[in-house]
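Trainee: I am attaching a structure below and will ask some questions about it afterwards.
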Amino acid sequence: MANLGIPANTIAILNKYKFVFQKKYGQNFLIDTHVLERIIDESGITKEDMVLEIGPGIGTMTQYLCENAREVVAVEIDKMLIPILTDDTLKAYDNVTILNEDILKCDINKIVNEKNSGKPIKVVANLPYYITTPIIMGLFENEVPIDSITIMVQKEVADRMQSGPGSKDYGALSLAVQYYSEPKVVANVPPNCFMPRPNVGSAVIRLTRHKDCPVKPKNDKLMFKIIRAAFNQRRKTLINSLNNSPEVPVTKEQVSMALEEMGLSQTIRGEALTLEQFATLSDLLS
């Protein structure tokens, strides 16, 4: 098997199949064996594990996953890549299933039940920037049984996921990710590790699923509506942001009273609140 982490092997496959990169799918294939090995190490995959890979591309990471996991399910949206995967780069492996589907429309819980008896899986992916948030939130909100998600994303997005109150990167994504998991950036990856080279740096971040969520709001859907409203107009005070949001049916007076009860300033902005404070606020407003 040709190791696709070696650039010459990737070029040979692309030429053989006359593959054309699709801008709409944000395709950037990894061509660095050190980064690939690092992702495998950091994801903690063993022969006990079933791994869901999102966007296998030509199968570069998939080969490593097949060597290390019990079973791999690779979901690829681009139909032009399916023959490369099935007839060439992955044909030597009998522990991989390739699905030509859109991950956002896939019934992942059904896959987990069929392939792993409903037990928690590990997710690995090299995600294009434009679709990172919907994929991660989809996995968490649909209550897919997951141990961890180890993903390559734009560096700025990785920073956002692990940032805390008061920083410019802190926002709705930080809070959502930290509600469901413990995020940790495990590697920074420069543009020259990809083909074609992206214009921005990337990072590998591991999200380890919480056994118990760190906060337990009475109504988590309301809490996330409040969080989204707070950051949709992040320069405004929290009272005004919530008052302006069609999603949150509360008056200025109700928000004002809740802030007073929490011992917080009437002019505070959403970006100053911790996850615990958003949970408390949501309970007071529910």
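Quick note on naming: the chains in the structure tokens go A, B, ... in the order shown, residues restart at 1 in each chain, and ligands are numbered from 1 in order of appearance.
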Pick out the residues sitting within 12 Å of A:Val177, and hand them over as an mmCIF file with C-alpha atoms, in the first residue's frame; count only C-alpha atoms, and ignore anything fewer than 3 positions along from it in its own chain.

Mentor:
```
data_model
loop_
_atom_site.group_PDB
_atom_site.id
_atom_site.type_symbol
_atom_site.label_atom_id
_atom_site.label_comp_id
_atom_site.auth_asym_id
_atom_site.auth_seq_id
_atom_site.Cartn_x
_atom_site.Cartn_y
_atom_site.Cartn_z
ATOM 1 C CA THR A 132 -17.073 22.728 11.007
ATOM 2 C CA THR A 133 -19.677 24.135 13.407
ATOM 3 C CA PRO A 134 -22.785 22.410 11.962
ATOM 4 C CA ILE A 135 -20.991 19.035 11.932
ATOM 5 C CA ILE A 136 -19.727 19.266 15.519
ATOM 6 C CA MET A 137 -23.016 20.607 16.860
ATOM 7 C CA GLY A 138 -24.932 17.951 14.903
ATOM 8 C CA LEU A 139 -22.884 15.186 16.555
ATOM 9 C CA PHE A 140 -23.467 16.613 20.042
ATOM 10 C CA GLU A 141 -27.084 17.731 19.716
ATOM 11 C CA SER A 148 -14.026 11.871 21.573
ATOM 12 C CA ILE A 149 -13.838 13.932 18.399
ATOM 13 C CA VAL A 157 -11.801 27.958 14.954
ATOM 14 C CA ALA A 158 -9.767 25.719 17.268
ATOM 15 C CA ASP A 159 -8.803 28.789 19.336
ATOM 16 C CA ARG A 160 -12.459 29.774 19.521
ATOM 17 C CA MET A 161 -13.493 26.347 20.815
ATOM 18 C CA GLN A 162 -11.179 26.456 23.826
ATOM 19 C CA SER A 163 -11.297 30.171 24.704
ATOM 20 C CA GLY A 164 -12.884 31.579 27.866
ATOM 21 C CA TYR A 170 -15.011 33.586 23.062
ATOM 22 C CA GLY A 171 -18.497 33.053 21.696
ATOM 23 C CA ALA A 172 -21.453 30.732 21.223
ATOM 24 C CA LEU A 173 -19.230 28.008 19.725
ATOM 25 C CA SER A 174 -16.849 28.100 22.746
ATOM 26 C CA TYR A 180 -20.540 18.963 25.804
ATOM 27 C CA SER A 181 -16.791 18.304 25.956
ATOM 28 C CA GLU A 182 -13.335 19.247 27.142
ATOM 29 C CA PRO A 183 -11.461 20.843 24.208
ATOM 30 C CA LYS A 184 -7.682 20.665 23.870
ATOM 31 C CA ILE A 205 -8.200 19.780 18.466
ATOM 32 C CA ARG A 206 -9.486 16.895 20.577
ATOM 33 C CA LEU A 207 -12.920 17.219 22.149
ATOM 34 C CA THR A 208 -13.287 14.664 24.954
ATOM 35 C CA ARG A 209 -16.965 14.129 25.682
ATOM 36 C CA HIS A 210 -17.991 14.941 29.263
ATOM 37 C CA CYS A 213 -22.203 18.067 31.531
ATOM 38 C CA PRO A 214 -20.489 20.636 33.816
ATOM 39 C CA PHE A 224 -28.452 28.096 24.015
ATOM 40 C CA LEU A 275 -21.082 28.837 31.082
#
```

Trainee: Could you go through stretch 93-160 of chain A and tell me which residues DSSP, when run on the backbone, assigns to strand (DSSP E), listing them as a ChimeraX atom specification?

Mentor: /A:96-99,121-126,146-154

Trainee: Identify all residues of stretch 1-247 of chain A in helix (DSSP H, G or I) (DSSP on the backbone) and supply them as a PyMOL selection string.

Mentor: chain A and resi 7-16+23-25+33-43+60-68+79-89+103-105+108-116+129-141+155-162+172-180+191-193+220-232+238-243

Trainee: I want to know what sits within 12 Å of A:Asp87, based on only C-alpha atoms, with residues of the same chain fewer than 2 positions away left out; could you give that as a list in words?

Mentor: Ile13, Tyr17, Ile58, Gly59, Leu81, Ile82, Pro83, Ile84, Leu85, Thr89, Leu90, Lys91, Ala92, Tyr93 and Ile98 of chain A

Trainee: Output the selection as a PDB file, in the first residue's frame - C-alpha atoms for each residue.

Mentor:
```
ATOM      1  CA  ILE A  13      -3.144   8.960  -7.277  1.00  0.00           C
ATOM      2  CA  TYR A  17      -7.688   9.407 -11.644  1.00  0.00           C
ATOM      3  CA  ILE A  58      -8.431   9.957  -1.103  1.00  0.00           C
ATOM      4  CA  GLY A  59      -8.058   7.862   2.054  1.00  0.00           C
ATOM      5  CA  LEU A  81     -13.566  10.137  -4.722  1.00  0.00           C
ATOM      6  CA  ILE A  82     -15.512   6.893  -4.195  1.00  0.00           C
ATOM      7  CA  PRO A  83     -13.764   4.852  -6.956  1.00  0.00           C
ATOM      8  CA  ILE A  84     -10.350   6.023  -5.687  1.00  0.00           C
ATOM      9  CA  LEU A  85     -11.220   4.769  -2.191  1.00  0.00           C
ATOM     10  CA  THR A  89      -6.286   3.298  -1.752  1.00  0.00           C
ATOM     11  CA  LEU A  90      -8.478   1.281   0.671  1.00  0.00           C
ATOM     12  CA  LYS A  91      -9.078  -1.931  -1.243  1.00  0.00           C
ATOM     13  CA  ALA A  92      -6.549  -3.843   0.907  1.00  0.00           C
ATOM     14  CA  TYR A  93      -8.586  -3.240   4.090  1.00  0.00           C
ATOM     15  CA  ILE A  98     -17.269   3.750   2.628  1.00  0.00           C
TER      16      ILE A  98
END
```

Trainee: Fewer than 3 positions away in the same chain doesn't count, so skip those; otherwise give me all residues within 12 Å of A:Asp220, counting only C-alpha atoms, as number ranges by chain.

Mentor: A: 141, 175-176, 179-180, 213, 215-217, 223-227, 275-276, 278-283, 286

Trainee: Would you pick out the contacts of A:Phe29 at 8 Å or less, using only C-alpha atoms, so that residues sharing its chain but fewer than 4 positions from it are not included, and give the list as a ChimeraX atom specification?

Mentor: /A:57-58,60,194-196

Trainee: Determine the nearest neighbour of A:Leu99 from the options A:Thr86, A:Thr251, A:Asn243, A:Asn126, counting only C-alpha atoms.

Mentor: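 Closest to A:Leu99, using only C-alpha atoms: A:Thr86.
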
Trainee: Can you list, as a PyMOL selection string, every protein, DNA or RNA residue that comes within 6 Å of stretch 71-75 of chain A when you count only C-alpha atoms, leaving out same-chain residues fewer than 4 positions away?

Mentor: chain A and resi 50-55+95-99

Trainee: Can I get the selection written as a PDB file, in the first residue's frame, with C-alpha atoms?

Mentor:
```pdb
ATOM      1  CA  MET A  50     -15.067   1.901  15.909  1.00  0.00           C
ATOM      2  CA  VAL A  51     -14.114   5.169  14.227  1.00  0.00           C
ATOM      3  CA  LEU A  52     -16.315   7.450  12.156  1.00  0.00           C
ATOM      4  CA  GLU A  53     -14.212   9.424   9.685  1.00  0.00           C
ATOM      5  CA  ILE A  54     -15.839  12.459   8.103  1.00  0.00           C
ATOM      6  CA  GLY A  55     -14.429  13.402   4.699  1.00  0.00           C
ATOM      7  CA  ASN A  95     -12.426  -3.277   8.189  1.00  0.00           C
ATOM      8  CA  VAL A  96     -13.681  -0.165   6.376  1.00  0.00           C
ATOM      9  CA  THR A  97     -17.128   0.832   5.076  1.00  0.00           C
ATOM     10  CA  ILE A  98     -17.269   3.750   2.628  1.00  0.00           C
ATOM     11  CA  LEU A  99     -20.508   5.733   2.418  1.00  0.00           C
TER      12      LEU A  99
END
```
